[in-house]
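Encoded as structure tokens, the structure appears first; notes follow it.
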Amino acid sequence: MTQNPIDLADRLSRRRALGTALATLAFLAVQIVARPVFRSDGYGATGPRAYMWAINAGALLLFLLPIGGFVFGRRVRELVNDELSRANARTAAAAGFGLAMVVALALYAFAPRLGWSAREAAYVVVTPAVGFTLLLFAWLESRAYAHG
């Protein structure tokens with residue numbers, strides 16, 4: 001059964017906003033519960049677990065790339081990643097970058113007192129920046145669909 005590319009792109013775009021928000025909230029919930037970088041029991045310090053947080057954060061950032069609808073063809077991909085969607089991704093990325101810089105500068109100022117490793121400092125910079133960026137993107141996308 002063939003579907004109209006416009007309807008398919010609309011459905012995919014709406015799902016992307018919800019999926020991005022849910023995936024980001026799950027990522028942040030795991031970070032709040034597990035805090036893998038700050039564990040002192042060695043659970044996440046070796047093997048693949050040492051890199052899973054970074055891989056997960058990087059994979060989540062792929063939501064900002066204009067590749068949505070890729071498997072459905074060029075026409076659907078163009079409709080899913082229209083100018084408004086690309087503008088929303090740029091706005092969210094810029095805001096996330098700003099947050100990352102504020103957190104990084106604060107860490108620079110307070111790092112001597114905290115005694116954190118570079119891995120812990122990177123975690124504190126990247127985790128809120130990724131979460132904020134993707135939640136903002138999801139909100140901007142859902143707002144765009146709510147307004148027509």
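If you're wondering about the labels, chains in the structure tokens are A, B, ... by order shown, residues count from 1 in each chain, ligands from 1 in order shown.
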**Report entry** A:Gln31 environment, 12 Å, only C-alpha atoms, sequence neighbours closer than 2 positions dropped, as number ranges by chain
**Finding:** A: 24-29, 33-39, 52-54, 56-57, 123-124, 126-128, 130-131
Selected residues, N, CA and C atoms, written as a PDB file, in the first residue's frame, please.
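Output file result_5.pdb is given in full below:
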ATOM      1  N   THR A  24      15.436  11.407  25.111  1.00  0.00           N
ATOM      2  CA  THR A  24      16.237  12.315  25.932  1.00  0.00           C
ATOM      3  C   THR A  24      15.870  12.194  27.404  1.00  0.00           C
ATOM      4  N   LEU A  25      14.586  12.102  27.693  1.00  0.00           N
ATOM      5  CA  LEU A  25      14.167  11.941  29.089  1.00  0.00           C
ATOM      6  C   LEU A  25      14.661  10.618  29.667  1.00  0.00           C
ATOM      7  N   ALA A  26      14.649   9.567  28.863  1.00  0.00           N
ATOM      8  CA  ALA A  26      15.190   8.285  29.326  1.00  0.00           C
ATOM      9  C   ALA A  26      16.691   8.399  29.591  1.00  0.00           C
ATOM     10  N   PHE A  27      17.407   9.060  28.701  1.00  0.00           N
ATOM     11  CA  PHE A  27      18.840   9.278  28.882  1.00  0.00           C
ATOM     12  C   PHE A  27      19.109  10.040  30.171  1.00  0.00           C
ATOM     13  N   LEU A  28      18.382  11.119  30.400  1.00  0.00           N
ATOM     14  CA  LEU A  28      18.583  11.923  31.604  1.00  0.00           C
ATOM     15  C   LEU A  28      18.183  11.157  32.865  1.00  0.00           C
ATOM     16  N   ALA A  29      17.132  10.356  32.792  1.00  0.00           N
ATOM     17  CA  ALA A  29      16.719   9.556  33.952  1.00  0.00           C
ATOM     18  C   ALA A  29      17.809   8.559  34.338  1.00  0.00           C
ATOM     19  N   VAL A  33      19.822   8.485  37.928  1.00  0.00           N
ATOM     20  CA  VAL A  33      19.810   7.289  38.768  1.00  0.00           C
ATOM     21  C   VAL A  33      21.202   6.675  38.892  1.00  0.00           C
ATOM     22  N   ALA A  34      21.877   6.505  37.772  1.00  0.00           N
ATOM     23  CA  ALA A  34      23.127   5.735  37.771  1.00  0.00           C
ATOM     24  C   ALA A  34      24.389   6.592  37.917  1.00  0.00           C
ATOM     25  N   ARG A  35      24.368   7.782  37.382  1.00  0.00           N
ATOM     26  CA  ARG A  35      25.565   8.652  37.355  1.00  0.00           C
ATOM     27  C   ARG A  35      26.822   7.809  37.102  1.00  0.00           C
ATOM     28  N   PRO A  36      26.953   7.241  35.926  1.00  0.00           N
ATOM     29  CA  PRO A  36      28.009   6.256  35.672  1.00  0.00           C
ATOM     30  C   PRO A  36      29.426   6.781  35.843  1.00  0.00           C
ATOM     31  N   VAL A  37      29.645   8.030  35.610  1.00  0.00           N
ATOM     32  CA  VAL A  37      31.009   8.564  35.695  1.00  0.00           C
ATOM     33  C   VAL A  37      31.440   8.782  37.138  1.00  0.00           C
ATOM     34  N   PHE A  38      30.510   9.043  38.021  1.00  0.00           N
ATOM     35  CA  PHE A  38      30.837   9.361  39.408  1.00  0.00           C
ATOM     36  C   PHE A  38      30.778   8.148  40.346  1.00  0.00           C
ATOM     37  N   ARG A  39      30.631   6.977  39.798  1.00  0.00           N
ATOM     38  CA  ARG A  39      30.575   5.778  40.644  1.00  0.00           C
ATOM     39  C   ARG A  39      31.959   5.452  41.176  1.00  0.00           C
ATOM     40  N   MET A  52      29.827   3.778  27.162  1.00  0.00           N
ATOM     41  CA  MET A  52      28.415   3.752  26.797  1.00  0.00           C
ATOM     42  C   MET A  52      27.728   5.104  26.955  1.00  0.00           C
ATOM     43  N   TRP A  53      28.064   5.844  28.004  1.00  0.00           N
ATOM     44  CA  TRP A  53      27.453   7.157  28.176  1.00  0.00           C
ATOM     45  C   TRP A  53      27.795   8.057  26.991  1.00  0.00           C
ATOM     46  N   ALA A  54      29.069   8.081  26.594  1.00  0.00           N
ATOM     47  CA  ALA A  54      29.489   8.937  25.483  1.00  0.00           C
ATOM     48  C   ALA A  54      28.864   8.492  24.165  1.00  0.00           C
ATOM     49  N   ASN A  56      26.012   6.914  23.839  1.00  0.00           N
ATOM     50  CA  ASN A  56      24.599   7.254  23.934  1.00  0.00           C
ATOM     51  C   ASN A  56      24.374   8.748  23.692  1.00  0.00           C
ATOM     52  N   ALA A  57      25.186   9.586  24.290  1.00  0.00           N
ATOM     53  CA  ALA A  57      25.047  11.032  24.091  1.00  0.00           C
ATOM     54  C   ALA A  57      25.283  11.403  22.628  1.00  0.00           C
ATOM     55  N   TYR A 123      31.578  14.951  31.553  1.00  0.00           N
ATOM     56  CA  TYR A 123      30.237  14.435  31.819  1.00  0.00           C
ATOM     57  C   TYR A 123      29.315  15.557  32.294  1.00  0.00           C
ATOM     58  N   VAL A 124      29.819  16.398  33.196  1.00  0.00           N
ATOM     59  CA  VAL A 124      29.015  17.484  33.743  1.00  0.00           C
ATOM     60  C   VAL A 124      28.727  18.554  32.691  1.00  0.00           C
ATOM     61  N   VAL A 126      28.669  17.872  29.173  1.00  0.00           N
ATOM     62  CA  VAL A 126      27.951  17.296  28.032  1.00  0.00           C
ATOM     63  C   VAL A 126      26.531  16.851  28.385  1.00  0.00           C
ATOM     64  N   THR A 127      26.341  16.222  29.520  1.00  0.00           N
ATOM     65  CA  THR A 127      25.027  15.670  29.849  1.00  0.00           C
ATOM     66  C   THR A 127      23.926  16.723  29.858  1.00  0.00           C
ATOM     67  N   PRO A 128      24.066  17.831  30.586  1.00  0.00           N
ATOM     68  CA  PRO A 128      22.984  18.817  30.543  1.00  0.00           C
ATOM     69  C   PRO A 128      22.867  19.501  29.181  1.00  0.00           C
ATOM     70  N   VAL A 130      23.442  18.148  26.163  1.00  0.00           N
ATOM     71  CA  VAL A 130      22.719  17.239  25.266  1.00  0.00           C
ATOM     72  C   VAL A 130      21.239  17.207  25.638  1.00  0.00           C
ATOM     73  N   GLY A 131      20.948  17.062  26.928  1.00  0.00           N
ATOM     74  CA  GLY A 131      19.558  17.020  27.365  1.00  0.00           C
ATOM     75  C   GLY A 131      18.804  18.286  27.009  1.00  0.00           C
TER      76      GLY A 131
END
Query - Distance query stretch 96-102 of chain A at most 7 Å, only C-alpha atoms, self and fewer than 3 positions along chain excluded, as a list of chain:residue names - result: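 Here the answer would be A:Ala92, A:Ala93, A:Leu105, A:Ala106, A:Val125, A:Val126, A:Ala129, A:Val130, A:Phe132, A:Thr133.
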Query raised in the report: Restricting the calculation to only C-alpha atoms, which member of A:Ala89, A:Val80, A:Ile6, A:Ile32 is positioned closest to A:Leu135?
Result: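 Closest to A:Leu135, using only C-alpha atoms: A:Ala89.
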Query raised in the report: So which residues touch A:Phe70 within 12 Å, counting only C-alpha atoms, skipping near sequence neighbours fewer than 6 positions away, as a list in words?
Result: Ala9, Leu12, Val76, Arg77, Glu78, Leu79, Val80 and Asn81 of chain A
Counting only C-alpha atoms, which residues in stretch 56-99 of chain A sit no more than 10 Å from stretch 140-146 of chain A? For each one, give the nearest pair of atoms and the distance in Å, sorted by chain then residue number, as a tab-separated table.
residue	atom	partner	partner_atom	distance
A:Leu84	CA	A:Ala144	CA	8.1
A:Ser85	CA	A:Glu141	CA	6.7
A:Arg86	CA	A:Glu141	CA	9.9
A:Ala87	CA	A:Leu140	CA	9.6
A:Asn88	CA	A:Leu140	CA	6.1
A:Ala89	CA	A:Leu140	CA	8.6
A:Thr91	CA	A:Leu140	CA	8.9
A:Ala92	CA	A:Leu140	CA	8.3
Query raised in the report: Pick from A:Arg75, A:Phe110, A:Ala118, A:Ala17: nearest to A:Leu136, with only C-alpha atoms counted?
Result: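 When distances to A:Leu136 are compared using only C-alpha atoms, the smallest one comes from A:Ala17.
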Requested in this report: Write down as number ranges by chain the residues of stretch 5-114 of chain A whose backbone DSSP state falls under alpha helix (DSSP H).
Outcome: A: 5-34, 49-61, 74-80, 83-114
**Report entry** Point-to-point distance in Å for atom CA of A:Ala104 and atom CA of A:Arg16
**Finding:**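 These atoms are spaced 29.6 Å apart.
Interatomic distance, atom CA of A:Gly115 to atom CA of A:Arg49: 22.8 Å.
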Query raised in the report: Pick the closest to A:Leu8 from A:Val71, A:Ile55, A:Ala109, A:Leu62: which is it, counting only C-alpha atoms?
Result: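 Closest to A:Leu8, using only C-alpha atoms: A:Val71.
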Report task. Kindly give the distance, in Å, that separates atom CA of A:Gly68 and atom CA of A:Ser13, rounded to a single decimal. Result -> 7.9 Å
